[in-house]
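Next comes data.txt, a file with compact mmCIF, C-alpha atoms and all ligand atoms.
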# COMPACT_ATOMS: atom_id res chain seq x y z
CA MET A 1 115.20 107.34 130.62
CA ASN A 2 114.99 104.84 127.75
CA LYS A 3 112.29 105.37 125.15
CA ILE A 4 109.90 102.46 124.57
CA LEU A 5 109.31 100.80 121.23
CA VAL A 6 106.56 98.17 121.13
CA LEU A 7 106.46 95.93 118.06
CA ASN A 8 102.99 94.43 117.75
CA HIS A 9 103.15 91.72 115.08
CA LYS A 10 99.41 90.99 115.34
CA SER A 11 98.81 87.75 113.37
CA LYS A 12 101.52 88.32 110.79
CA LEU A 13 104.49 86.15 109.70
CA ASP A 14 104.77 82.39 109.35
CA ILE A 15 107.25 80.28 111.26
CA GLU A 16 110.12 80.59 108.78
CA GLU A 17 109.61 84.35 108.52
CA VAL A 18 109.63 84.64 112.32
CA LYS A 19 112.92 82.73 112.56
CA SER A 20 114.62 84.98 110.04
CA TYR A 21 113.11 88.08 111.72
CA ILE A 22 114.75 87.08 115.02
CA LYS A 23 118.06 86.49 113.27
CA ASP A 24 117.91 89.85 111.54
CA ILE A 25 116.92 92.06 114.44
CA LYS A 26 118.65 90.45 117.42
CA ASP A 27 121.99 92.17 116.87
CA ASN A 28 120.48 95.46 115.82
CA ILE A 29 118.71 96.43 119.03
CA ARG A 30 120.06 99.60 120.62
CA ASN A 31 121.02 99.35 124.30
CA ASP A 32 119.43 102.69 125.11
CA LEU A 33 115.96 101.72 123.89
CA ASP A 34 113.41 99.43 125.57
CA VAL A 35 112.28 97.38 122.59
CA ILE A 36 109.35 95.07 123.36
CA VAL A 37 108.57 92.46 120.71
CA MET A 38 105.03 91.09 120.71
CA PRO A 39 104.90 88.21 118.24
CA SER A 40 101.81 86.08 117.58
CA MET A 41 101.22 84.00 120.71
CA CYS A 42 102.14 80.73 118.96
CA TYR A 43 105.67 82.03 118.30
CA LEU A 44 106.43 83.26 121.82
CA PRO A 45 108.65 80.22 122.61
CA LEU A 46 110.88 81.00 119.61
CA PHE A 47 111.75 84.33 121.23
CA TYR A 48 112.77 82.73 124.50
CA GLY A 49 116.42 83.54 124.78
CA ARG A 50 118.99 86.05 125.85
CA TYR A 51 118.14 88.84 123.48
CA LYS A 52 118.48 92.57 123.92
CA PHE A 53 114.76 93.06 123.47
CA TYR A 54 111.95 92.31 125.92
CA LEU A 55 109.17 89.93 125.10
CA GLY A 56 105.52 90.90 125.42
CA SER A 57 102.24 89.14 124.95
CA GLN A 58 99.52 90.64 122.72
CA ASN A 59 96.82 89.48 125.13
CA ILE A 60 96.09 87.34 128.17
CA GLY A 61 93.17 85.16 129.08
CA PHE A 62 91.58 85.91 132.42
CA THR A 63 90.13 82.42 132.64
CA ASN A 64 91.93 79.13 131.98
CA SER A 65 89.45 78.17 129.29
CA THR A 66 89.63 76.78 125.76
CA GLY A 67 91.77 78.75 123.36
CA GLU A 68 93.13 81.17 125.94
CA VAL A 69 96.75 81.65 126.98
CA SER A 70 97.04 82.04 130.72
CA ILE A 71 99.11 84.49 132.69
CA ASN A 72 101.20 81.62 134.12
CA GLN A 73 102.00 80.36 130.65
CA ILE A 74 103.02 83.83 129.55
CA LYS A 75 105.18 84.25 132.62
CA SER A 76 106.87 80.92 131.99
CA LEU A 77 107.83 82.18 128.52
CA ASN A 78 109.62 85.17 130.03
CA CYS A 79 107.11 87.80 128.92
CA LYS A 80 107.64 90.96 130.92
CA TYR A 81 104.85 93.00 129.28
CA VAL A 82 101.31 92.42 128.11
CA LEU A 83 99.16 94.48 125.75
CA ILE A 84 95.68 95.01 127.16
CA GLY A 85 92.58 96.55 125.62
CA HIS A 86 93.80 96.99 122.05
CA SER A 87 90.91 98.49 120.05
CA GLU A 88 90.91 95.50 117.68
CA ARG A 89 90.05 93.31 120.66
CA ARG A 90 87.53 95.82 121.99
CA ILE A 91 85.77 96.09 118.63
CA LEU A 92 86.16 92.63 117.07
CA TYR A 93 85.89 90.53 120.25
CA ASN A 94 83.62 92.74 122.34
CA GLU A 95 86.25 93.11 125.02
CA THR A 96 84.57 95.34 127.58
CA TYR A 97 86.16 97.82 129.97
CA ASP A 98 85.26 95.40 132.75
CA ILE A 99 87.30 92.64 131.08
CA ILE A 100 90.15 95.08 130.47
CA ASN A 101 90.05 96.08 134.15
CA LYS A 102 90.26 92.39 135.20
CA LYS A 103 93.20 91.78 132.86
CA ILE A 104 95.09 94.79 134.17
CA LYS A 105 94.64 93.51 137.75
CA LEU A 106 95.81 90.05 136.71
CA ALA A 107 98.93 91.43 135.06
CA ILE A 108 99.82 93.64 138.02
CA ASP A 109 99.27 90.80 140.51
CA ASN A 110 101.69 88.71 138.47
CA ASN A 111 104.35 91.39 138.06
CA ILE A 112 103.83 91.70 134.33
CA ARG A 113 103.78 95.29 133.09
CA PRO A 114 100.51 96.17 131.39
CA ILE A 115 100.56 98.33 128.28
CA VAL A 116 96.99 99.56 128.22
CA CYS A 117 95.48 101.00 125.03
CA ILE A 118 93.02 103.86 125.03
CA GLY A 119 91.74 105.94 122.14
CA GLU A 120 88.74 107.62 120.61
CA THR A 121 86.77 106.60 117.51
CA ILE A 122 86.41 108.85 114.48
CA GLU A 123 82.82 109.70 115.49
CA GLU A 124 83.97 110.76 118.94
CA ARG A 125 86.71 112.88 117.40
CA LYS A 126 84.25 114.55 115.03
CA ARG A 127 81.98 115.35 117.96
CA ARG A 128 85.02 116.89 119.72
CA LYS A 129 84.70 114.36 122.53
CA THR A 130 88.28 113.02 122.43
CA GLN A 131 89.37 114.37 125.80
CA ASP A 132 86.18 113.32 127.62
CA VAL A 133 86.36 109.85 126.11
CA LEU A 134 89.98 109.30 127.08
CA LEU A 135 89.53 110.45 130.66
CA LYS A 136 86.44 108.28 131.02
CA GLN A 137 88.34 105.29 129.66
CA ILE A 138 91.13 105.86 132.19
CA ARG A 139 88.71 106.16 135.11
CA THR A 140 86.85 103.00 134.07
CA ILE A 141 89.73 100.68 133.28
CA PHE A 142 91.65 101.59 136.44
CA ASP A 143 88.64 101.36 138.72
CA GLY A 144 89.72 99.70 141.98
CA ILE A 145 93.32 99.38 140.79
CA LEU A 146 96.27 100.72 142.69
CA VAL A 147 97.84 102.53 139.75
CA GLY A 148 101.61 102.33 139.86
CA GLU A 149 104.43 103.56 137.67
CA ASP A 150 104.76 100.12 136.09
CA ILE A 151 101.65 100.82 134.02
CA ILE A 152 102.16 102.17 130.50
CA ILE A 153 99.35 103.80 128.55
CA ALA A 154 99.33 103.58 124.76
CA TYR A 155 97.31 106.38 123.19
CA GLU A 156 95.98 104.85 119.99
CA PRO A 157 93.25 106.80 118.20
CA VAL A 158 91.07 104.05 116.69
CA TRP A 159 90.82 105.95 113.41
CA ALA A 160 94.62 106.04 113.06
CA ILE A 161 95.23 102.29 113.36
CA GLY A 162 96.26 100.79 110.05
CA THR A 163 94.85 103.73 108.09
CA GLY A 164 97.89 105.89 107.35
CA ILE A 165 96.02 108.84 108.88
CA MET A 166 97.18 110.28 112.17
CA PRO A 167 96.88 113.24 114.50
CA THR A 168 99.18 116.23 114.21
CA VAL A 169 102.21 116.75 116.42
CA SER A 170 100.41 119.38 118.47
CA GLU A 171 97.35 117.15 118.93
CA VAL A 172 99.50 114.25 120.16
CA LYS A 173 101.44 116.58 122.46
CA GLU A 174 98.23 117.92 123.97
CA ILE A 175 96.73 114.46 124.50
CA ILE A 176 99.88 112.98 126.04
CA SER A 177 100.06 115.89 128.52
CA LEU A 178 96.36 115.55 129.27
CA ILE A 179 96.75 111.83 130.08
CA LYS A 180 99.86 112.31 132.19
CA ASP A 181 98.42 115.24 134.14
CA PHE A 182 95.15 113.43 134.77
CA VAL A 183 96.87 110.26 136.01
CA TYR A 184 99.16 112.33 138.23
CA ARG A 185 96.28 114.30 139.73
CA LYS A 186 94.08 111.24 140.27
CA TYR A 187 96.63 108.60 141.31
CA GLY A 188 99.75 110.61 142.20
CA LYS A 189 101.91 108.66 139.75
CA ASN A 190 104.10 109.61 136.82
CA ILE A 191 103.35 107.01 134.21
CA LYS A 192 104.75 106.52 130.73
CA VAL A 193 102.58 107.25 127.72
CA ILE A 194 103.37 106.09 124.20
CA TYR A 195 101.62 106.71 120.87
CA GLY A 196 100.40 104.13 118.35
CA GLY A 197 98.56 104.33 115.03
CA SER A 198 100.13 104.27 111.53
CA ILE A 199 103.62 104.95 112.85
CA ASP A 200 106.33 104.93 110.20
CA LYS A 201 109.69 106.58 109.70
CA SER A 202 108.37 110.03 108.87
CA SER A 203 105.94 110.17 111.79
CA VAL A 204 108.69 109.08 114.20
CA GLU A 205 110.78 111.96 112.93
CA ARG A 206 107.90 114.39 113.52
CA PHE A 207 106.80 113.00 116.89
CA ASN A 208 110.36 112.91 118.23
CA SER A 209 109.97 116.58 119.05
CA ILE A 210 107.30 115.79 121.66
CA ARG A 211 109.23 115.83 124.92
CA GLU A 212 106.35 114.29 126.91
CA LEU A 213 106.11 111.23 124.63
CA ASP A 214 107.81 108.09 125.97
CA GLY A 215 107.80 106.00 122.82
CA PHE A 216 105.80 104.28 120.10
CA LEU A 217 103.63 101.24 119.48
CA ILE A 218 104.05 99.98 115.94
CA GLY A 219 101.72 97.50 114.24
CA GLY A 220 101.84 97.30 110.45
CA ALA A 221 105.50 98.29 110.08
CA SER A 222 106.69 96.14 113.00
CA THR A 223 107.32 92.95 111.01
CA ASP A 224 109.48 94.72 108.42
CA LYS A 225 112.96 94.45 109.87
CA ASP A 226 114.46 97.12 107.61
CA LYS A 227 111.81 99.66 108.64
CA ILE A 228 112.25 98.78 112.31
CA ILE A 229 116.02 99.12 112.21
CA GLU A 230 115.62 102.47 110.46
CA ILE A 231 113.04 103.66 113.01
CA MET A 232 115.21 102.54 115.93
CA ASN A 233 118.01 104.69 114.62
CA LEU A 234 115.75 107.74 114.51
CA ILE A 235 114.46 107.62 118.07
P1 LIG B 1 99.47 100.28 112.94
O1 LIG B 1 98.93 99.46 114.19
O2 LIG B 1 100.86 100.73 113.27
O3 LIG B 1 99.42 99.30 111.82
O4 LIG B 1 98.54 101.42 112.75
C1 LIG B 1 99.06 99.95 115.47
C2 LIG B 1 98.42 99.01 116.43
O5 LIG B 1 97.67 98.12 116.01
O6 LIG B 1 98.61 99.11 117.62
Represent the supplied structure as structure tokens.
Ligand code: PGA
Amino acid sequence: MNKILVLNHKSKLDIEEVKSYIKDIKDNIRNDLDVIVMPSMCYLPLFYGRYKFYLGSQNIGFTNSTGEVSINQIKSLNCKYVLIGHSERRILYNETYDIINKKIKLAIDNNIRPIVCIGETIEERKRRKTQDVLLKQIRTIFDGILVGEDIIIAYEPVWAIGTGIMPTVSEVKEIISLIKDFVYRKYGKNIKVIYGGSIDKSSVERFNSIRELDGFLIGGASTDKDKIIEIMNLI
């Protein structure tokens, strides 16, 4: 089974940088990895082509209103994946679990694979509530949804995003197993679970030993083509 590598560019790179990024990475994608590039929405059309990576959207609008990018538009740009519920959207844009739930339904109804982010805050971790929080998030965001194996969960501790701090190998291993077991018991499905939060070369080397882990979601390092090529070769 191919490992997954999600490259979340967030709002980085300008148009010339994006063009040279595509040129630099397009011939360096390994066939045995599912690499999903998520550029800023405005650059999605530049990635439309016959590349060895998949294209994903960092978000979707669930209404066709001002400033949103609709699911039909994303589909027409050949996006096969969409990131839903990233903590930056939950925290900075007040994206609620109800909105996340609606977006997941929209993606599934349109045959776009949702990559759904869950993760605890530093306060929740300090109060030793990580496991409760994660299971509650799963129950809430999948409420009323027929969970299938097309759904991918990204475990992203909020305190690890962009901070350079991250959980230990054994903590990640325990959480990934917890998520997979819970989803299997509740929905009868084996879903893929990836990790995100301050991933770089050395953490990939460490986390590679976690058999249950299906891949990585990379933010900060994802626009640095040298780092990405190096990381791809380590997975
Ligand atoms: P980071 O971002 O790799 O910069 O921590 C991860 C993310 O935003 O998903």
- Task: Using all atoms listed in the file, find the one residue out of A:Met38, A:Asn31, A:Ile118, A:Leu92 that sits nearest to A:Asn78.
- Result: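 Distance minimum relative to A:Asn78 lands on A:Met38.
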What are the closest atom pairs, with distances in Å to one decimal, for all residues of chain A lying within 10 Å of ligand LIG 1 (chain B)? Consider only C-alpha atoms and all ligand atoms, order rows by chain and residue number, and present the result as CSV.
residue,atom,partner,partner_atom,distance
A:Val6,CA,B:LIG1,O6,8.7
A:Leu7,CA,B:LIG1,O6,8.5
A:Asn8,CA,B:LIG1,O6,6.4
A:His9,CA,B:LIG1,O5,8.5
A:Lys10,CA,B:LIG1,O5,7.4
A:Gln58,CA,B:LIG1,O6,9.9
A:Leu83,CA,B:LIG1,O6,9.4
A:His86,CA,B:LIG1,O6,6.9
A:Ser87,CA,B:LIG1,O5,7.9
A:Glu88,CA,B:LIG1,O5,7.4
A:Cys117,CA,B:LIG1,O6,8.3
A:Ala154,CA,B:LIG1,O6,8.5
A:Tyr155,CA,B:LIG1,O6,9.3
A:Glu156,CA,B:LIG1,O6,6.7
A:Pro157,CA,B:LIG1,O4,9.3
A:Val158,CA,B:LIG1,O4,8.8
A:Trp159,CA,B:LIG1,O4,9.0
A:Ala160,CA,B:LIG1,O4,6.1
A:Ile161,CA,B:LIG1,O4,3.5
A:Gly162,CA,B:LIG1,O4,3.6
A:Thr163,CA,B:LIG1,O4,6.4
A:Gly164,CA,B:LIG1,O4,7.0
A:Ile165,CA,B:LIG1,O4,8.7
A:Met166,CA,B:LIG1,O4,9.0
A:Tyr195,CA,B:LIG1,O6,8.8
A:Gly196,CA,B:LIG1,C1,5.2
A:Gly197,CA,B:LIG1,O4,3.7
A:Ser198,CA,B:LIG1,O4,3.5
A:Ile199,CA,B:LIG1,O2,5.1
A:Asp200,CA,B:LIG1,O2,7.5
A:Phe216,CA,B:LIG1,O2,9.1
A:Leu217,CA,B:LIG1,O6,5.8
A:Ile218,CA,B:LIG1,O2,4.2
A:Gly219,CA,B:LIG1,O1,3.4
A:Gly220,CA,B:LIG1,O3,3.4
A:Ala221,CA,B:LIG1,O2,6.1
A:Ser222,CA,B:LIG1,O2,7.4
- Note on the structure: Residue with the minimum atom-to-atom distance to A:Ile235, picked from A:Gln73, A:Ser170, A:Thr140, A:Asn2 with all atoms listed in the file counted, is A:Asn2
- Among listed residues A:Pro167, A:Gly85, A:Gly215, A:Gly144, nearest A:Val116 (using all atoms listed in the file):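 Using all atoms listed in the file, A:Val116 sits closest to A:Gly85.
Pairwise distance (atom CA of A:Ile74, atom CA of A:Phe47) equals 12.1 Å.
Of the residues under consideration (A:Lys126, A:Lys225, A:Arg139, A:Lys192), A:Lys225 shows the shortest atom-to-atom contact distance to A:Asp27 when counting all atoms listed in the file.
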- Figure out the distance between atom CA of A:Leu134 and atom CA of A:Glu68, please, to one decimal in Å.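 A separation of 28.3 Å between them.
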- Message: Set the distance at 12 Å and use all atoms listed in the file: which residues neighbour stretch 15-23 of chain A once local chain neighbours fewer than 4 positions away are removed? I'd like the list as number ranges by chain.
- Response: A: 9, 11, 27-29, 37-53, 55, 222-226, 228-229
